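Content type compact mmCIF, C-alpha atoms, from the file upload.txt:
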```
# COMPACT_ATOMS: atom_id res chain seq x y z
CA MET L 209 -194.26 -51.15 -100.75
CA LYS L 210 -190.75 -52.26 -101.73
CA ILE L 211 -190.19 -56.01 -101.59
CA LEU L 212 -186.92 -56.94 -99.88
CA GLY L 213 -184.40 -58.19 -102.45
CA SER L 214 -186.52 -57.09 -105.44
CA ASP L 215 -183.66 -55.07 -106.99
CA LYS L 216 -181.34 -58.07 -106.84
CA LEU L 217 -184.06 -60.27 -108.34
CA GLN L 218 -184.61 -57.82 -111.19
CA ARG L 219 -180.89 -57.73 -111.94
CA THR L 220 -180.77 -61.53 -111.98
CA ILE L 221 -183.76 -61.72 -114.33
CA GLN L 222 -182.24 -59.12 -116.64
CA ARG L 223 -178.90 -60.97 -116.69
CA LEU L 224 -180.70 -64.16 -117.68
CA GLN L 225 -182.66 -62.30 -120.36
CA LYS L 226 -179.40 -60.97 -121.80
CA ASN L 227 -177.77 -64.40 -121.77
CA PHE L 228 -180.65 -65.96 -123.68
CA ALA L 229 -181.39 -62.99 -125.95
CA SER L 230 -181.31 -63.94 -129.62
CA SER L 231 -180.19 -60.46 -130.72
CA LYS L 232 -177.02 -59.39 -128.92
CA GLY L 233 -173.41 -58.45 -129.64
CA LEU L 234 -170.20 -56.92 -128.31
CA ILE L 235 -168.48 -53.59 -128.87
CA LEU L 236 -164.75 -53.61 -128.12
CA MET L 237 -162.79 -50.55 -127.00
CA TYR L 238 -159.15 -50.05 -127.95
CA HIS L 239 -156.96 -46.96 -127.67
CA ARG L 240 -153.54 -47.70 -129.10
CA VAL L 241 -151.60 -50.30 -131.08
CA ALA L 242 -148.10 -49.62 -129.80
CA GLU L 243 -145.15 -50.86 -127.77
CA ALA L 244 -145.02 -48.77 -124.59
CA GLU L 245 -142.31 -48.74 -121.93
CA LEU L 246 -144.85 -47.68 -119.35
CA ASP L 247 -148.62 -48.02 -119.73
CA PRO L 248 -150.37 -47.01 -116.47
CA TRP L 249 -153.83 -47.08 -118.05
CA SER L 250 -153.45 -50.29 -120.10
CA LEU L 251 -154.11 -48.40 -123.31
CA CYS L 252 -151.60 -50.23 -125.51
CA VAL L 253 -151.91 -53.49 -127.41
CA THR L 254 -148.82 -54.61 -129.30
CA SER L 255 -149.00 -55.15 -133.05
CA GLN L 256 -148.46 -58.89 -132.57
CA HIS L 257 -151.24 -59.25 -130.02
CA PHE L 258 -153.58 -57.02 -132.03
CA ALA L 259 -153.07 -59.28 -135.04
CA GLU L 260 -153.72 -62.35 -132.87
CA GLN L 261 -156.90 -60.77 -131.53
CA LEU L 262 -158.19 -59.91 -135.00
CA GLU L 263 -157.48 -63.46 -136.13
CA VAL L 264 -159.67 -64.68 -133.28
CA LEU L 265 -162.41 -62.25 -134.31
CA GLN L 266 -162.17 -63.39 -137.91
CA LYS L 267 -162.44 -67.08 -137.01
CA LYS L 268 -164.89 -67.05 -134.10
CA THR L 269 -167.13 -63.99 -134.47
CA ASN L 270 -168.97 -61.86 -137.00
CA PRO L 271 -167.07 -58.52 -137.14
CA ILE L 272 -169.23 -55.70 -138.54
CA SER L 273 -169.00 -51.92 -138.63
CA LEU L 274 -170.51 -49.77 -135.88
CA LYS L 275 -172.89 -48.25 -138.42
CA GLN L 276 -174.17 -51.72 -139.44
CA PHE L 277 -174.35 -52.77 -135.80
CA VAL L 278 -176.42 -49.75 -134.73
CA GLN L 279 -178.88 -50.26 -137.58
CA ALA L 280 -179.18 -53.97 -136.76
CA HIS L 281 -179.71 -53.10 -133.10
CA GLN L 282 -182.48 -50.67 -133.97
CA ASP L 283 -184.09 -53.34 -136.16
CA GLY L 284 -183.78 -55.92 -133.38
CA LYS L 285 -181.69 -58.14 -135.62
CA ILE L 286 -178.10 -58.07 -134.39
CA PRO L 287 -176.27 -60.86 -136.27
CA ASP L 288 -175.14 -63.88 -134.30
CA ARG L 289 -171.81 -63.27 -132.48
CA ALA L 290 -171.58 -59.75 -133.90
CA VAL L 291 -168.53 -57.77 -132.73
CA VAL L 292 -167.56 -54.14 -133.35
CA VAL L 293 -164.02 -52.76 -133.03
CA THR L 294 -163.62 -49.17 -131.81
CA PHE L 295 -160.69 -46.94 -130.84
CA ASP L 296 -160.80 -43.86 -128.59
CA ASP L 297 -158.78 -40.62 -128.62
CA GLY L 298 -157.06 -40.44 -132.02
CA TYR L 299 -153.45 -41.55 -131.53
CA ALA L 300 -151.34 -41.53 -134.69
CA ASP L 301 -150.58 -45.23 -134.27
CA ASN L 302 -154.22 -45.92 -135.16
CA LEU L 303 -153.28 -45.08 -138.74
CA HIS L 304 -149.71 -46.35 -138.91
CA TYR L 305 -150.07 -49.62 -136.98
CA ALA L 306 -153.74 -50.47 -136.41
CA LYS L 307 -155.17 -49.78 -139.87
CA PRO L 308 -152.74 -52.04 -141.82
CA ILE L 309 -153.62 -54.94 -139.52
CA LEU L 310 -157.34 -54.20 -139.81
CA GLU L 311 -156.89 -54.26 -143.59
CA ARG L 312 -155.02 -57.58 -143.42
CA TYR L 313 -158.01 -59.21 -141.72
CA SER L 314 -160.69 -57.10 -143.47
CA ILE L 315 -162.18 -56.09 -140.11
CA PRO L 316 -163.93 -52.70 -139.90
CA ALA L 317 -163.37 -50.26 -137.05
CA THR L 318 -164.51 -46.87 -135.80
CA VAL L 319 -161.92 -44.42 -134.48
CA PHE L 320 -163.29 -41.74 -132.14
CA VAL L 321 -161.14 -38.61 -132.39
CA SER L 322 -160.76 -35.68 -129.99
CA THR L 323 -160.45 -32.86 -132.52
CA GLY L 324 -158.62 -30.38 -130.30
CA TYR L 325 -155.59 -32.67 -130.23
CA ILE L 326 -155.35 -33.11 -134.00
CA GLY L 327 -151.88 -31.92 -135.02
CA LYS L 328 -151.28 -30.49 -131.54
CA GLU L 329 -147.68 -30.03 -130.46
CA ARG L 330 -148.53 -31.48 -127.09
CA GLU L 331 -149.38 -34.94 -125.82
CA PHE L 332 -152.72 -35.95 -124.36
CA TRP L 333 -152.61 -34.53 -120.84
CA TRP L 334 -152.51 -37.93 -119.08
CA ASP L 335 -149.50 -38.89 -121.22
CA GLU L 336 -147.73 -35.60 -120.50
CA LEU L 337 -148.34 -36.13 -116.79
CA GLU L 338 -146.83 -39.61 -117.07
CA ARG L 339 -143.77 -38.24 -118.90
CA LEU L 340 -143.22 -35.59 -116.23
CA LEU L 341 -143.65 -37.79 -113.16
CA LEU L 342 -142.88 -41.38 -114.10
CA ARG L 343 -139.28 -41.24 -115.27
CA PRO L 344 -136.38 -42.51 -113.13
CA GLY L 345 -134.76 -39.71 -111.17
CA LYS L 346 -135.39 -37.27 -108.33
CA LEU L 347 -138.17 -34.73 -107.93
CA PRO L 348 -138.59 -32.05 -105.25
CA GLU L 349 -139.98 -33.46 -102.01
CA LYS L 350 -142.96 -31.08 -101.94
CA LEU L 351 -145.45 -29.86 -104.53
CA SER L 352 -148.09 -27.14 -104.26
CA LEU L 353 -150.54 -26.28 -107.03
CA ASN L 354 -153.12 -23.51 -107.06
CA ILE L 355 -155.97 -24.87 -109.16
CA SER L 356 -159.17 -22.90 -109.67
CA GLY L 357 -158.58 -20.98 -106.44
CA SER L 358 -157.90 -24.08 -104.35
CA LEU L 359 -154.46 -24.98 -103.04
CA TYR L 360 -153.35 -28.59 -103.36
CA HIS L 361 -150.30 -29.85 -101.54
CA TRP L 362 -148.33 -33.10 -101.81
CA GLU L 363 -145.36 -34.43 -99.86
CA LEU L 364 -143.60 -37.11 -101.88
CA GLY L 365 -141.50 -38.64 -99.10
CA GLN L 366 -139.61 -41.67 -100.42
CA ALA L 367 -141.37 -41.29 -103.79
CA ALA L 368 -139.24 -38.20 -104.48
CA ASN L 369 -136.45 -40.59 -105.49
CA TYR L 370 -137.73 -42.81 -108.31
CA THR L 371 -135.21 -45.53 -108.98
CA GLU L 372 -134.81 -47.66 -112.08
CA GLN L 373 -136.07 -50.57 -110.00
CA ASP L 374 -139.20 -48.59 -109.05
CA TYR L 375 -139.75 -47.75 -112.71
CA GLN L 376 -139.43 -51.37 -113.81
CA SER L 377 -141.85 -52.43 -111.08
CA ASP L 378 -144.40 -49.86 -112.27
CA ARG L 379 -144.26 -51.24 -115.81
CA ILE L 380 -146.68 -53.94 -114.69
CA CYS L 381 -148.69 -51.68 -112.37
CA LYS L 382 -152.00 -50.03 -113.20
CA ALA L 383 -152.38 -46.48 -111.96
CA TRP L 384 -155.48 -47.18 -109.88
CA GLU L 385 -153.79 -50.13 -108.16
CA ALA L 386 -150.64 -48.27 -107.10
CA LYS L 387 -149.22 -48.80 -103.63
CA PRO L 388 -149.76 -45.85 -101.25
CA GLY L 389 -146.65 -43.70 -101.01
CA SER L 390 -145.29 -44.82 -104.38
CA ARG L 391 -144.47 -42.55 -107.32
CA MET L 392 -147.29 -44.17 -109.29
CA SER L 393 -149.68 -43.33 -106.46
CA PHE L 394 -148.45 -39.72 -106.58
CA TYR L 395 -149.10 -39.67 -110.32
CA TYR L 396 -152.60 -41.07 -109.83
CA SER L 397 -153.48 -38.53 -107.12
CA ILE L 398 -152.57 -35.62 -109.41
CA TRP L 399 -154.44 -37.27 -112.29
CA GLU L 400 -157.56 -37.34 -110.11
CA VAL L 401 -157.23 -33.60 -109.43
CA LEU L 402 -156.71 -32.73 -113.10
CA LEU L 403 -159.44 -35.03 -114.41
CA PRO L 404 -162.52 -32.77 -113.96
CA LEU L 405 -160.76 -29.54 -114.99
CA PRO L 406 -161.56 -27.65 -118.19
CA GLU L 407 -158.67 -27.68 -120.65
CA ARG L 408 -157.31 -24.24 -119.77
CA GLU L 409 -156.94 -25.08 -116.07
CA CYS L 410 -155.48 -28.50 -116.81
CA LEU L 411 -152.81 -27.13 -119.15
CA LYS L 412 -151.96 -24.37 -116.66
CA ALA L 413 -151.31 -27.00 -113.99
CA LEU L 414 -149.17 -29.04 -116.41
CA ASP L 415 -147.12 -25.95 -117.25
CA GLU L 416 -146.45 -25.45 -113.54
CA LEU L 417 -145.46 -29.11 -113.22
CA VAL L 418 -142.96 -28.73 -116.08
CA ILE L 419 -141.22 -25.97 -114.13
CA TRP L 420 -141.46 -27.80 -110.79
CA ALA L 421 -139.99 -31.00 -112.26
CA ASN L 422 -137.29 -29.05 -114.13
CA ALA L 423 -138.42 -30.85 -117.28
CA GLU L 424 -138.94 -29.93 -120.91
CA SER L 425 -142.33 -29.63 -122.58
CA THR L 426 -141.57 -31.97 -125.45
CA LEU L 427 -143.81 -34.09 -127.68
CA ARG L 428 -142.85 -37.75 -127.93
CA LYS L 429 -143.44 -39.00 -131.46
CA THR L 430 -144.57 -42.29 -129.99
CA HIS L 431 -147.42 -40.56 -128.16
CA ARG L 432 -148.55 -37.98 -130.69
CA SER L 433 -152.07 -37.56 -132.00
CA LEU L 434 -153.13 -37.70 -135.63
CA LEU L 435 -152.36 -34.86 -138.05
CA PRO L 436 -155.17 -33.41 -140.20
CA GLU L 437 -153.94 -35.21 -143.33
CA GLU L 438 -153.65 -38.44 -141.32
CA ILE L 439 -157.29 -38.18 -140.29
CA CYS L 440 -158.22 -38.16 -143.97
CA ALA L 441 -155.87 -41.08 -144.71
CA LEU L 442 -157.31 -43.06 -141.81
CA GLY L 443 -160.83 -42.52 -143.08
CA GLN L 444 -160.04 -43.41 -146.69
CA GLY L 445 -161.79 -46.51 -147.98
CA LYS L 446 -164.73 -48.29 -146.41
CA LEU L 447 -162.98 -50.05 -143.56
CA VAL L 448 -162.46 -47.27 -140.98
CA GLU L 449 -165.19 -44.90 -139.86
CA ILE L 450 -164.22 -41.69 -138.04
CA GLY L 451 -166.34 -40.80 -135.02
CA ALA L 452 -166.27 -37.82 -132.66
CA HIS L 453 -164.84 -37.78 -129.13
CA THR L 454 -165.32 -34.10 -128.14
CA VAL L 455 -162.77 -31.32 -128.73
CA THR L 456 -160.63 -31.32 -125.58
CA HIS L 457 -161.51 -34.72 -124.06
CA PRO L 458 -163.14 -33.32 -120.90
CA PHE L 459 -164.80 -35.13 -118.03
CA LEU L 460 -168.21 -34.09 -119.34
CA SER L 461 -170.32 -34.40 -116.20
CA ALA L 462 -168.09 -31.82 -114.47
CA GLN L 463 -168.76 -29.22 -117.20
CA SER L 464 -171.73 -26.91 -117.75
CA THR L 465 -174.47 -28.02 -120.12
CA GLU L 466 -173.45 -25.35 -122.61
CA LEU L 467 -169.79 -26.39 -122.56
CA GLN L 468 -170.83 -30.01 -123.04
CA ARG L 469 -172.92 -28.99 -126.04
CA GLN L 470 -170.01 -27.06 -127.55
CA GLU L 471 -167.58 -29.93 -127.02
CA ILE L 472 -169.92 -32.45 -128.64
CA GLN L 473 -171.19 -30.28 -131.49
CA GLN L 474 -167.88 -28.68 -132.43
CA SER L 475 -166.04 -32.02 -132.62
CA LYS L 476 -168.70 -33.28 -135.04
CA ALA L 477 -168.53 -30.15 -137.17
CA ALA L 478 -164.71 -30.11 -137.32
CA LEU L 479 -164.50 -33.72 -138.46
CA GLU L 480 -167.25 -33.29 -141.04
CA GLU L 481 -165.45 -30.31 -142.52
CA MET L 482 -162.19 -32.24 -142.58
CA LEU L 483 -163.65 -35.41 -144.09
CA ASN L 484 -166.38 -33.80 -146.21
CA ARG L 485 -168.96 -36.34 -145.06
CA PRO L 486 -171.34 -36.87 -142.13
CA VAL L 487 -169.93 -38.04 -138.79
CA THR L 488 -172.65 -40.07 -137.10
CA SER L 489 -171.04 -41.77 -134.07
CA PHE L 490 -169.72 -40.45 -130.76
CA SER L 491 -168.03 -41.78 -127.63
CA TYR L 492 -167.90 -40.17 -124.20
CA PRO L 493 -164.37 -39.30 -122.96
CA PHE L 494 -163.46 -41.44 -119.93
CA GLY L 495 -166.87 -43.06 -120.46
CA ASN L 496 -168.27 -40.19 -118.41
CA TYR L 497 -171.72 -38.77 -119.13
CA THR L 498 -175.12 -37.96 -117.66
CA THR L 499 -178.60 -38.45 -119.10
CA LYS L 500 -178.39 -34.81 -120.22
CA THR L 501 -175.10 -35.52 -122.00
CA ALA L 502 -176.67 -38.45 -123.83
CA GLU L 503 -179.57 -36.23 -124.88
CA LEU L 504 -177.14 -33.61 -126.19
CA ALA L 505 -175.40 -36.25 -128.30
CA ARG L 506 -178.77 -37.22 -129.74
CA THR L 507 -179.92 -33.65 -130.46
CA VAL L 508 -176.76 -32.56 -132.29
CA GLY L 509 -177.34 -35.31 -134.83
CA PHE L 510 -175.40 -38.44 -133.88
CA ASP L 511 -176.94 -41.87 -134.45
CA CYS L 512 -175.28 -43.45 -131.42
CA ALA L 513 -172.87 -42.88 -128.54
CA CYS L 514 -170.56 -45.34 -126.80
CA THR L 515 -169.75 -45.60 -123.10
CA THR L 516 -167.13 -47.62 -121.21
CA THR L 517 -169.68 -49.67 -119.28
CA LYS L 518 -168.76 -53.36 -119.57
CA ASP L 519 -171.75 -55.20 -120.94
CA ILE L 520 -173.21 -56.79 -124.04
CA VAL L 521 -175.52 -54.84 -126.36
CA TRP L 522 -179.02 -56.32 -126.56
CA GLN L 523 -182.54 -55.18 -127.42
CA GLN L 524 -182.95 -53.08 -124.25
CA SER L 525 -179.66 -51.20 -124.73
CA ASP L 526 -179.95 -47.46 -125.41
CA SER L 527 -178.26 -46.42 -128.68
CA PHE L 528 -176.77 -43.43 -126.83
CA GLN L 529 -175.46 -45.49 -123.92
CA LEU L 530 -173.89 -48.39 -125.80
CA PRO L 531 -171.64 -50.49 -123.52
CA ARG L 532 -168.14 -51.59 -124.54
CA PHE L 533 -165.51 -53.96 -123.25
CA GLY L 534 -162.02 -52.50 -122.84
CA ILE L 535 -159.30 -54.57 -124.49
CA GLU L 536 -155.89 -55.11 -122.92
CA ASN L 537 -152.62 -56.47 -124.26
CA TRP L 538 -153.82 -60.08 -124.29
CA ASN L 539 -152.48 -62.75 -126.61
CA GLY L 540 -154.93 -64.51 -128.90
CA GLU L 541 -155.65 -67.36 -126.48
CA GLU L 542 -156.50 -65.09 -123.54
CA PHE L 543 -158.51 -62.79 -125.81
CA ALA L 544 -160.60 -65.74 -127.01
CA LYS L 545 -161.32 -66.69 -123.38
CA GLN L 546 -162.44 -63.13 -122.61
CA LEU L 547 -164.79 -63.11 -125.62
CA SER L 548 -166.34 -66.38 -124.51
CA ARG L 549 -166.92 -65.02 -120.99
CA TRP L 550 -168.53 -61.85 -122.35
CA PHE L 551 -170.80 -63.63 -124.79
CA HIS L 552 -172.00 -66.16 -122.22
CA GLY L 553 -172.17 -63.88 -119.19
```
If you convert what's in this file into structure tokens, what do you get?
Amino acid sequence: MKILGSDKLQRTIQRLQKNFASSKGLILMYHRVAEAELDPWSLCVTSQHFAEQLEVLQKKTNPISLKQFVQAHQDGKIPDRAVVVTFDDGYADNLHYAKPILERYSIPATVFVSTGYIGKEREFWWDELERLLLRPGKLPEKLSLNISGSLYHWELGQAANYTEQDYQSDRICKAWEAKPGSRMSFYYSIWEVLLPLPERECLKALDELVIWANAESTLRKTHRSLLPEEICALGQGKLVEIGAHTVTHPFLSAQSTELQRQEIQQSKAALEEMLNRPVTSFSYPFGNYTTKTAELARTVGFDCACTTTKDIVWQQSDSFQLPRFGIENWNGEEFAKQLSRWFHG
């Protein structure tokens, strides 16, 4: 017999156990250290704010590497106020802007890299979509895309004309909070359709959008991924660990088990060949995974895998479902407040 309210009671008990656990810590998730005109996914932290955040970590926490953290977690001895810095995707600014600041504060980090984008003459697909759709100007009033045998149709209405004022307004708008009927909402609706697609289908749709928008398929230097030689430079020394993030950055739960295995295994193998050393950590693209995905990450030889679930890591956390807190472009003061909230529940 199920007792009414038992699930809520269990969650409350577990939250209290976490708050009073002696062995717990935080893993932070970054993507970019960059100045962005438009940042619909809040991926960018400016160099100034990143430095302020690392100063807070240096003064108020115990920053350690992911490798040290995972071992301490397995031993049940996570150091007091332990914090791990991680980056997802593999943007070039991780080397050119993030690493020098990490070195200044002697704070280790793990950078999870999607190997299929290394040196690619094309932006990450969500960035390319942003470049095509979120620039001031006019677009055709209707769009039809044939994707995997299904026809998708959009009518832009007033969003067909995207003014400079609209663009400036969207600079402080997150994609998932866009007003219905806006250009940002149009962008988000196409993003949702492209999200579960395998790479080939996604790129095909983007190619059609290039033609529809009468745009050019250009690579912005500000948005490029790491080059092969930059991967090696990023991983030089003991401060930055390189982890795997699949090959094509797919929404894993929408893919077959075999494709998931290939994405996970091949990204590990490619990085190990490039770096000439073991790659032991992994993170799930978009934080998306199933229990089968987690098992695949374990069986191909990783020591841990990171999610995007917002929570602390404590003794009951699974090493292949490690939670992380996403970091936004906060100044040092706001960042310190967020850390305090996370540590104390």
Item to check | Nearest residue to Pro458 in chain L from the set L:Arg506, L:His431, L:Lys500, L:Arg408 (distances using only C-alpha atoms) | outcome: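 Nearest candidate to Pro458 in chain L out of L:Arg506, L:His431, L:Lys500, L:Arg408: L:Arg408.
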Excluding range 312-325 of chain L and its own-chain neighbours fewer than 3 positions away, which residues fall within 6 Å of it when counting only C-alpha atoms? Please give them as a PDB file with C-alpha atoms, in the coordinates of the input.
```
ATOM      1  CA  SER L 273    -169.000 -51.920-138.630  1.00  0.00           C
ATOM      2  CA  VAL L 293    -164.020 -52.760-133.030  1.00  0.00           C
ATOM      3  CA  THR L 294    -163.620 -49.170-131.810  1.00  0.00           C
ATOM      4  CA  PHE L 295    -160.690 -46.940-130.840  1.00  0.00           C
ATOM      5  CA  ASP L 296    -160.800 -43.860-128.590  1.00  0.00           C
ATOM      6  CA  ASP L 297    -158.780 -40.620-128.620  1.00  0.00           C
ATOM      7  CA  GLY L 298    -157.060 -40.440-132.020  1.00  0.00           C
ATOM      8  CA  ILE L 309    -153.620 -54.940-139.520  1.00  0.00           C
ATOM      9  CA  LYS L 328    -151.280 -30.490-131.540  1.00  0.00           C
ATOM     10  CA  LEU L 447    -162.980 -50.050-143.560  1.00  0.00           C
ATOM     11  CA  VAL L 448    -162.460 -47.270-140.980  1.00  0.00           C
ATOM     12  CA  GLU L 449    -165.190 -44.900-139.860  1.00  0.00           C
ATOM     13  CA  ILE L 450    -164.220 -41.690-138.040  1.00  0.00           C
ATOM     14  CA  GLY L 451    -166.340 -40.800-135.020  1.00  0.00           C
ATOM     15  CA  ALA L 452    -166.270 -37.820-132.660  1.00  0.00           C
ATOM     16  CA  HIS L 453    -164.840 -37.780-129.130  1.00  0.00           C
ATOM     17  CA  THR L 454    -165.320 -34.100-128.140  1.00  0.00           C
ATOM     18  CA  VAL L 455    -162.770 -31.320-128.730  1.00  0.00           C
ATOM     19  CA  THR L 456    -160.630 -31.320-125.580  1.00  0.00           C
ATOM     20  CA  SER L 475    -166.040 -32.020-132.620  1.00  0.00           C
TER      21      SER L 475
END
```
Checklist entry - Which one of L:Arg469, L:Arg428, L:His457, L:His257 sits closest to Leu405 in chain L if you count only C-alpha atoms? => result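 Smallest separation from Leu405 in chain L among the options: L:His457.
The environment of range 366-374 of chain L within 9 Å, counting all atoms listed in the file and disregarding residues fewer than 2 places along the same chain, consists of Leu342, Arg343, Pro344, Gly345, Lys346, Leu347, Pro348, Glu349, Lys350, Glu363, Leu364, Gln376, Ser377, Asp378, Arg379, Gly389, Ser390, Arg391, Met392, Ser393 and Phe394 of chain L.
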Next on the checklist: One decimal, in Å: what's the spacing between CA of Gly284 in chain L and CA of Thr517 in chain L?
Outcome noted: 20.9 Å
Item to check | Of the listed residues L:Ile439, L:Leu246, L:Val253, L:Cys512, that which approaches Asn539 in chain L most closely, counting all atoms listed in the file | outcome: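 Going through L:Ile439, L:Leu246, L:Val253, L:Cys512 one by one, the smallest distance to Asn539 in chain L is for L:Val253.
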Checklist entry - To one decimal place, how far is CA of Gln523 in chain L from CA of Ser461 in chain L in Å? => result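 CA of Ser461 in chain L lies 26.6 Å from CA of Gln523 in chain L.
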Centre and edge lengths, as AutoDock Vina command-line options, for the axis-aligned box enclosing every listed atom of range 535-547 of chain L with 5 Å of padding on each of the six sides, in Å to one decimal?
```
--center_x -158.6 --center_y -61.0 --center_z -125.8 --size_x 22.3 --size_y 22.8 --size_z 16.3
```
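Shortest separation to Asn484 in chain L among L:Gly443, L:Ile286, L:Ser358, L:Val521 occurs at residue L:Gly443, atoms counted being only C-alpha atoms.
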Checklist entry - Any idea what the distance is between CA of His552 in chain L and CA of Gln529 in chain L? => result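 The value is 21.0 Å.
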Checklist entry - Of the candidates L:Leu262, L:Leu341, L:Glu437, L:Ala513, which one gets nearest to Ser525 in chain L if we count only C-alpha atoms? => result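 Smallest separation from Ser525 in chain L among the options: L:Ala513.
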Item to check | Using only C-alpha atoms: which of L:Phe533, L:Trp522, L:Tyr395, L:Phe551 has the shortest distance to Phe277 in chain L | outcome: L:Trp522
Please list, as a PDB file with C-alpha atoms, in the coordinates of the input, the residues that have an atom at most 12 Å away from (-166.9, -66.6, -135.2) in the coordinates of this file, counting all atoms listed in the file.
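point-v3.pdb, freshly written:
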```pdb
ATOM      1  CA  GLY L 233    -173.410 -58.450-129.640  1.00  0.00           C
ATOM      2  CA  LEU L 262    -158.190 -59.910-135.000  1.00  0.00           C
ATOM      3  CA  GLU L 263    -157.480 -63.460-136.130  1.00  0.00           C
ATOM      4  CA  VAL L 264    -159.670 -64.680-133.280  1.00  0.00           C
ATOM      5  CA  LEU L 265    -162.410 -62.250-134.310  1.00  0.00           C
ATOM      6  CA  GLN L 266    -162.170 -63.390-137.910  1.00  0.00           C
ATOM      7  CA  LYS L 267    -162.440 -67.080-137.010  1.00  0.00           C
ATOM      8  CA  LYS L 268    -164.890 -67.050-134.100  1.00  0.00           C
ATOM      9  CA  THR L 269    -167.130 -63.990-134.470  1.00  0.00           C
ATOM     10  CA  ASN L 270    -168.970 -61.860-137.000  1.00  0.00           C
ATOM     11  CA  PRO L 271    -167.070 -58.520-137.140  1.00  0.00           C
ATOM     12  CA  ILE L 272    -169.230 -55.700-138.540  1.00  0.00           C
ATOM     13  CA  PRO L 287    -176.270 -60.860-136.270  1.00  0.00           C
ATOM     14  CA  ASP L 288    -175.140 -63.880-134.300  1.00  0.00           C
ATOM     15  CA  ARG L 289    -171.810 -63.270-132.480  1.00  0.00           C
ATOM     16  CA  ALA L 290    -171.580 -59.750-133.900  1.00  0.00           C
ATOM     17  CA  VAL L 291    -168.530 -57.770-132.730  1.00  0.00           C
ATOM     18  CA  ALA L 544    -160.600 -65.740-127.010  1.00  0.00           C
ATOM     19  CA  LEU L 547    -164.790 -63.110-125.620  1.00  0.00           C
ATOM     20  CA  SER L 548    -166.340 -66.380-124.510  1.00  0.00           C
ATOM     21  CA  PHE L 551    -170.800 -63.630-124.790  1.00  0.00           C
TER      22      PHE L 551
END
```
